[in-house]
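Notes follow once the structure below has been shown.
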Amino acid sequence: MDHLALLALAQTETAATSTGLQPAGWVFMILSVSFVTSLVGWCFYKVLTAPEHES
Amino acid sequence: MSTKHAWGSRLGVILAVAGSAVGLGNFLRFPGNAAQNGGGAFMIPYFCALLLLGIPIGWAEWTMGRYGGRKGFHSAPAIMGVWGKGSIARYFGGIGILIPVAVYFWYVLVESWCLAYCWDYLVHGGIGLSPTQSIPEQVQTSSAHFAEFTGQGANGANFTHGVSEQLVFWIVTTVANVYLIYRGLSKGIESFCKWAMPAMAVCGLIVLGRVLTLGTPDPTQPDQNVMSGLGYMWNPDFSKLNDAGTWIAAAGQIFFSLSVGFGVIINYASYMRRKDDVVLSGLTSSATNEFFEVALGGLITLTAAVAFMGVAMTTANTGGTFSTGFNALPVVFAHMDGGRFFGAIWFFMLWLAAITSSLSMLQPAQAFLEEALGLAKNTATTLLMVVCLAGNVFVLWYSKGLVALDTIDFWVGTVLIFVLAGVQIVCFGWVVGMDRGMKEAHEGARMKIPGFYRFIIQWVAPLYLIVVFGAFCWQKMPGYIDHIFGNEAKGIAGDRDVQMSWLVILVVAAGIAAAIAIGTKRWRAQGLDVDGTRPPDDETAPAKR
């Protein structure tokens with residue numbers, strides 16, 4: 001792999017994305033992480049609080 | 001019904017399925033995929049695919065597996081024969097054995113790489129990157145180390161210089177897999193996953209804590225900091241949503257990440273009892289996988305890479321799973337305070353993610369050999385390991401450019417997964433029908449599947465699959481076919497390594513087909529309902545718990 005060529009290409013393509021976390025980025029990150037964390041938390045709560053066997 | 005294997009607890013089967021799903025792709029493939037396809041905006045098609053494709057197909061597979069178990073079957077061919085009502089579906093079910101076995105041929109090697117890198121960090125402090133080198137030079141050194149370690153220079157490179165490090169760790173990993181499979185479903189796979197999954201979460205959270213507190217590691221490079229890393233991963237580029245490739249990438253990520261259509265869930269669920277829940281269990285295992293992928297993989301990998309390497313180098317070196325994991329991240333750990341410790345923790349976590357997946361690849365074939373050929377457990381384990389070791393040696397030998405690995409992964413680990421999932425969802429939604437399918441899914445369920453999922457399972461998921469699979473084939477298939485048969489117009493000659501890989505796939509597929517034929521005769525002779533023409537015995541008698 002020619003890293004220098006790849007580096008030049010990458011610098012061209014990603015110049016616009018090298019900023020910090022923008023407000024929209026915060027929104028997507030918080031919503032996504034909150035959604036999966038809440039979902040897994042709710043699921044395990046339901047699993048662990050249900051009786052192991054049901055007649 | 002066979003009672004030799006059974007899960008010890010509901011939590012055990014959930015963690016085992018989640019362990020099967022959580023793999024290297026969660027931590028290494030997902031972040032690169034998201035960053036290249038719109039960052040935060042990628043999450044829109046990603047969650048659409050999760051809700052419309054991954055979760056419903058997963059529910060169908062869990063339900064089919066448990067129902068098959070009620071009829072005394074534990075392997076995908078037998079269970080698909082029941083749901084598909086005949087031999088065509090039964091032979092398609094053979095894909096559910098071929099996929100895990102063939103993927104195991106190369107996956108256990110990747111697993112051994114993770115263990116070897118963990119060992120290198122623990123014992124040697126890393127993989128030998130010099131602090132005096134520039135970051136591009138370190139990436140080159142890291143790439144060269146990985147290429148040499150995996151024998152990418154030439155076929156047979158792993159065997160020509162005595163016992164290589166790769167061989168040692170492959171043997172260690174294989175022994176661990178054999179031991180756990182030999183211990184059985186409950187004492188082996190379940191017991192291991194019950195501590196490995198929490199351990200993986202703890203390792204991930206430790207590394208996440210370190211990454212999010214990196215700040216600006218190099219004050220002379222103020223652009224390279226945690227917020228830039230998070231921005232690289234999460235800042236949305238909505239223009240990418242107009243690109244069909246983004247939607248295909250999102251569906252592919254969900255699909256392969258959740259292990260639906262892999263032949264594992266159908267096997268694992270077959271050891272559940274009639275009143276054991278499959279709806280909440282299926283959702284929980286999917287949610288666990290998503291937590292590892294989005295909340296850990298999405299926050300750790302690229303954030304750390306950008307903070308130390310900058311956006312440009314990260315973009316250039318995190319396009320693929322292997323380049324991210326084994327070329328870029330060692331550079332990150334070489335610069336990180338405590339990098340030796342965090343590198344060891346990280347690769348140990350990847351090894352746990354890999355071994356919980358590789359274990360799940362062996363169990364379906366183990367069950368198939370036992371019930372199709374009537375083999376005892378030890379005999380089946382021995383035969384399976386002979387086949388797997390031969391496959392491992394093949395991939396180890398044909399190591400040049402990792403062509404054998406890539407060929408098996410593409411044709412078996414990618415294309416056939418689409419096919420099996422398609423057959424499964426059609427059998428569930430159309431052959432057996434939604435009324436009976438949903439009734440079976442809700443046996444013992446702790447939650448109800450929302451009503452609109454009837455429409456999604458019957459119409460949306462199959463059409464979604466067809467569109468995604470069609471577009472995937474359109475994009476990827478020609479290049480791979482050219483390397484099998486050659487293409488004079490493009491000046492491409494047939495690649496012998498690719499042809500040999502295809503030969504291996506065909507030999508394994510032929511063996512599975514022969515075993516299905518033998519098994520069908522045996523099952524009929526035993527009076528089992530191979531074509532799904534009558535209700536399970538426990539429906540006509542009171543259920544015993």
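To be explicit about the labels: the chains of the structure tokens are called A, B, and onward in the order shown, and within each one the residues are counted from 1, while ligands get numbers from 1 in the order they are shown.
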
Long-range neighbours of Lys46 of chain A as a list in words, 10 Å cut-off, only C-alpha atoms, 3 positions minimum in chain: Val40, Gly41, Trp42, Cys43, Thr49, Ala50 and Pro51 of chain A; Leu280, Ser281, Thr284, Arg446 and Met447 of chain B

Could those residues be written to a file, using C-alpha atoms, as a compact mmCIF listing (two decimals), in the first residue's frame?
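Writing the result to selection29.txt gives the following:
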```
# COMPACT_ATOMS: atom_id res chain seq x y z
CA VAL A 40 -30.63 -3.35 26.26
CA GLY A 41 -31.33 -2.09 29.79
CA TRP A 42 -35.09 -2.61 29.40
CA CYS A 43 -34.61 -6.05 27.84
CA THR A 49 -37.13 -9.92 36.75
CA ALA A 50 -39.27 -12.60 35.10
CA PRO A 51 -39.53 -15.98 36.85
CA LEU B 280 -38.00 -11.17 24.42
CA SER B 281 -34.93 -13.42 24.19
CA THR B 284 -32.49 -9.00 24.09
CA ARG B 446 -42.76 -12.43 27.73
CA MET B 447 -43.74 -9.70 25.31
```

Using only C-alpha atoms, select each residue of chain B with any atom at most 7 Å away from an atom of chain A, and give the selection as number ranges by chain. B: 10, 40, 227-228, 230-232, 234-236, 284, 287-288, 290-291, 294-295, 311-313, 315-316

For those residues, write N, CA and C atoms to a file as a PDB file, in the first residue's frame.
```pdb
ATOM      1  N   ARG B  10     -32.408 -19.241  31.011  1.00  0.00           N
ATOM      2  CA  ARG B  10     -32.839 -18.350  29.933  1.00  0.00           C
ATOM      3  C   ARG B  10     -31.736 -17.330  29.628  1.00  0.00           C
ATOM      4  N   GLY B  40     -23.267  10.336  11.402  1.00  0.00           N
ATOM      5  CA  GLY B  40     -24.512  10.197  12.157  1.00  0.00           C
ATOM      6  C   GLY B  40     -25.697   9.890  11.266  1.00  0.00           C
ATOM      7  N   MET B 227     -12.893  15.312  20.603  1.00  0.00           N
ATOM      8  CA  MET B 227     -14.078  15.862  19.944  1.00  0.00           C
ATOM      9  C   MET B 227     -13.978  15.740  18.426  1.00  0.00           C
ATOM     10  N   SER B 228     -12.774  15.882  17.887  1.00  0.00           N
ATOM     11  CA  SER B 228     -12.602  15.677  16.444  1.00  0.00           C
ATOM     12  C   SER B 228     -12.920  14.233  16.074  1.00  0.00           C
ATOM     13  N   LEU B 230     -14.916  12.133  17.719  1.00  0.00           N
ATOM     14  CA  LEU B 230     -16.368  11.909  17.793  1.00  0.00           C
ATOM     15  C   LEU B 230     -17.070  12.587  16.611  1.00  0.00           C
ATOM     16  N   GLY B 231     -16.575  13.765  16.236  1.00  0.00           N
ATOM     17  CA  GLY B 231     -17.164  14.460  15.092  1.00  0.00           C
ATOM     18  C   GLY B 231     -16.966  13.678  13.804  1.00  0.00           C
ATOM     19  N   TYR B 232     -15.790  13.072  13.649  1.00  0.00           N
ATOM     20  CA  TYR B 232     -15.503  12.268  12.450  1.00  0.00           C
ATOM     21  C   TYR B 232     -16.492  11.108  12.334  1.00  0.00           C
ATOM     22  N   TRP B 234     -19.570  10.910  14.083  1.00  0.00           N
ATOM     23  CA  TRP B 234     -20.993  11.186  14.292  1.00  0.00           C
ATOM     24  C   TRP B 234     -21.553  12.391  13.545  1.00  0.00           C
ATOM     25  N   ASN B 235     -20.713  13.338  13.083  1.00  0.00           N
ATOM     26  CA  ASN B 235     -21.281  14.477  12.353  1.00  0.00           C
ATOM     27  C   ASN B 235     -22.014  13.974  11.114  1.00  0.00           C
ATOM     28  N   PRO B 236     -23.288  14.324  10.945  1.00  0.00           N
ATOM     29  CA  PRO B 236     -24.051  13.738   9.836  1.00  0.00           C
ATOM     30  C   PRO B 236     -23.777  14.410   8.492  1.00  0.00           C
ATOM     31  N   THR B 284     -33.579  -9.278  23.147  1.00  0.00           N
ATOM     32  CA  THR B 284     -32.492  -8.999  24.092  1.00  0.00           C
ATOM     33  C   THR B 284     -31.129  -9.296  23.475  1.00  0.00           C
ATOM     34  N   ALA B 287     -30.440  -6.556  21.040  1.00  0.00           N
ATOM     35  CA  ALA B 287     -30.129  -5.301  21.723  1.00  0.00           C
ATOM     36  C   ALA B 287     -28.718  -5.337  22.308  1.00  0.00           C
ATOM     37  N   THR B 288     -28.331  -6.503  22.833  1.00  0.00           N
ATOM     38  CA  THR B 288     -26.972  -6.633  23.384  1.00  0.00           C
ATOM     39  C   THR B 288     -25.931  -6.406  22.299  1.00  0.00           C
ATOM     40  N   GLU B 290     -26.345  -4.661  19.629  1.00  0.00           N
ATOM     41  CA  GLU B 290     -26.365  -3.247  19.249  1.00  0.00           C
ATOM     42  C   GLU B 290     -25.627  -2.383  20.263  1.00  0.00           C
ATOM     43  N   PHE B 291     -25.735  -2.751  21.535  1.00  0.00           N
ATOM     44  CA  PHE B 291     -25.016  -1.988  22.562  1.00  0.00           C
ATOM     45  C   PHE B 291     -23.509  -2.053  22.308  1.00  0.00           C
ATOM     46  N   VAL B 294     -22.891  -0.012  18.762  1.00  0.00           N
ATOM     47  CA  VAL B 294     -23.098   1.440  18.682  1.00  0.00           C
ATOM     48  C   VAL B 294     -22.454   2.163  19.870  1.00  0.00           C
ATOM     49  N   ALA B 295     -22.737   1.665  21.083  1.00  0.00           N
ATOM     50  CA  ALA B 295     -22.300   2.396  22.274  1.00  0.00           C
ATOM     51  C   ALA B 295     -20.813   2.187  22.563  1.00  0.00           C
ATOM     52  N   VAL B 311      -7.416  12.928  11.098  1.00  0.00           N
ATOM     53  CA  VAL B 311      -8.496  12.462  10.220  1.00  0.00           C
ATOM     54  C   VAL B 311      -7.947  11.779   8.971  1.00  0.00           C
ATOM     55  N   ALA B 312      -6.926  12.379   8.379  1.00  0.00           N
ATOM     56  CA  ALA B 312      -6.436  11.853   7.099  1.00  0.00           C
ATOM     57  C   ALA B 312      -5.886  10.438   7.239  1.00  0.00           C
ATOM     58  N   MET B 313      -5.027  10.225   8.223  1.00  0.00           N
ATOM     59  CA  MET B 313      -4.456   8.889   8.397  1.00  0.00           C
ATOM     60  C   MET B 313      -5.534   7.883   8.825  1.00  0.00           C
ATOM     61  N   THR B 315      -8.707   7.962   7.973  1.00  0.00           N
ATOM     62  CA  THR B 315      -9.477   7.625   6.771  1.00  0.00           C
ATOM     63  C   THR B 315      -8.726   6.623   5.895  1.00  0.00           C
ATOM     64  N   ALA B 316      -7.425   6.832   5.799  1.00  0.00           N
ATOM     65  CA  ALA B 316      -6.628   5.967   4.919  1.00  0.00           C
ATOM     66  C   ALA B 316      -6.444   4.561   5.471  1.00  0.00           C
TER      67      ALA B 316
END
```

Long-range neighbours of segment 426-430 of chain B as a PyMOL selection string, 12 Å cut-off, only C-alpha atoms, 4 positions minimum in chain: chain B and resi 56-65+67+79-86+88-90+92-93+419-422+434-441+453-463+465-466+532

Work out how far atom CA of Phe255 of chain B is from atom CA of Ile345 of chain B, in Å to one decimal. 27.6 Å

Near segment 471-474 of chain B, within 12 Å and counting only C-alpha atoms, which residues show up once chain neighbours fewer than 5 positions away are dropped, as a PyMOL selection string? chain B and resi 244-252+410-411+414-416+418-419+464-466+479-481

Atomic separation - atom CA of Leu302 of chain B relative to atom CA of Leu359 of chain B, Å: 28.4 Å

Need to verify the contact set: Ile492 of chain B, 12 Å, only C-alpha atoms, exclusion of same-chain residues closer than 4 positions in sequence. Can you return it as a list in words? Pro478, Gly479, Tyr480, Ile481, Asp482, His483, Ile484, Phe485, Gly486, Asn487 and Glu488 of chain B

Report as a PyMOL selection string all protein, DNA and RNA residues lying within 10 Å of Glu165 of chain B, evaluated on only C-alpha atoms, omitting residues in the same chain fewer than 5 positions from it. chain B and resi 112-113+116+149-150+158+170

Residues near Leu205 of chain B, cut-off 10 Å, only C-alpha atoms, skip fewer than 4 positions along chain, as a short mmCIF file (atom, residue, chain, number, x, y, z; two decimals) with N, CA and C atoms, in the first residue's frame:
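Output contents, as saved in result37.cif:
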```cif
data_model
loop_
_atom_site.label_atom_id
_atom_site.label_comp_id
_atom_site.auth_asym_id
_atom_site.auth_seq_id
_atom_site.Cartn_x
_atom_site.Cartn_y
_atom_site.Cartn_z
N ALA B 199 -17.45 -9.86 30.88
CA ALA B 199 -16.03 -9.48 30.85
C ALA B 199 -15.75 -8.60 29.64
N MET B 200 -16.39 -8.94 28.51
CA MET B 200 -16.20 -8.14 27.30
C MET B 200 -16.73 -6.72 27.51
N ALA B 201 -17.89 -6.62 28.17
CA ALA B 201 -18.46 -5.30 28.44
C ALA B 201 -17.55 -4.50 29.35
N GLY B 209 -13.60 4.46 28.69
CA GLY B 209 -13.26 5.49 29.67
C GLY B 209 -11.93 6.14 29.35
N ARG B 210 -10.96 5.33 28.94
CA ARG B 210 -9.64 5.87 28.61
C ARG B 210 -9.71 6.76 27.36
N VAL B 211 -10.45 6.30 26.36
CA VAL B 211 -10.51 7.04 25.10
C VAL B 211 -11.21 8.39 25.29
N PHE B 292 -23.01 -3.26 22.06
CA PHE B 292 -21.57 -3.40 21.81
C PHE B 292 -21.17 -2.64 20.54
N ALA B 295 -22.74 1.67 21.08
CA ALA B 295 -22.30 2.40 22.27
C ALA B 295 -20.81 2.19 22.56
N LEU B 296 -20.26 1.05 22.19
CA LEU B 296 -18.82 0.84 22.43
C LEU B 296 -18.02 1.02 21.13
N ILE B 300 -15.47 4.21 20.55
CA ILE B 300 -14.06 3.93 20.88
C ILE B 300 -13.14 4.06 19.65
#
```

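Going from atom CA of Gln224 of chain B to atom CA of Phe30 of chain B covers 21.5 Å.
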
May I have all residues of segment 275-488 of chain B that DSSP, computed from the backbone, assigns to alpha helix (DSSP H), given as a PyMOL selection string? chain B and resi 279-290+298-317+321-322+329-335+339-373+377-397+403-410+416-426+434-441+453-455+461-485

I need the residue nearest Asn177 of chain B from this list: B:Leu299, B:Val504, B:Leu109, B:Ala367. Use only C-alpha atoms for the distance.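 Ranked by minimum distance to Asn177 of chain B, first place goes to B:Leu109.
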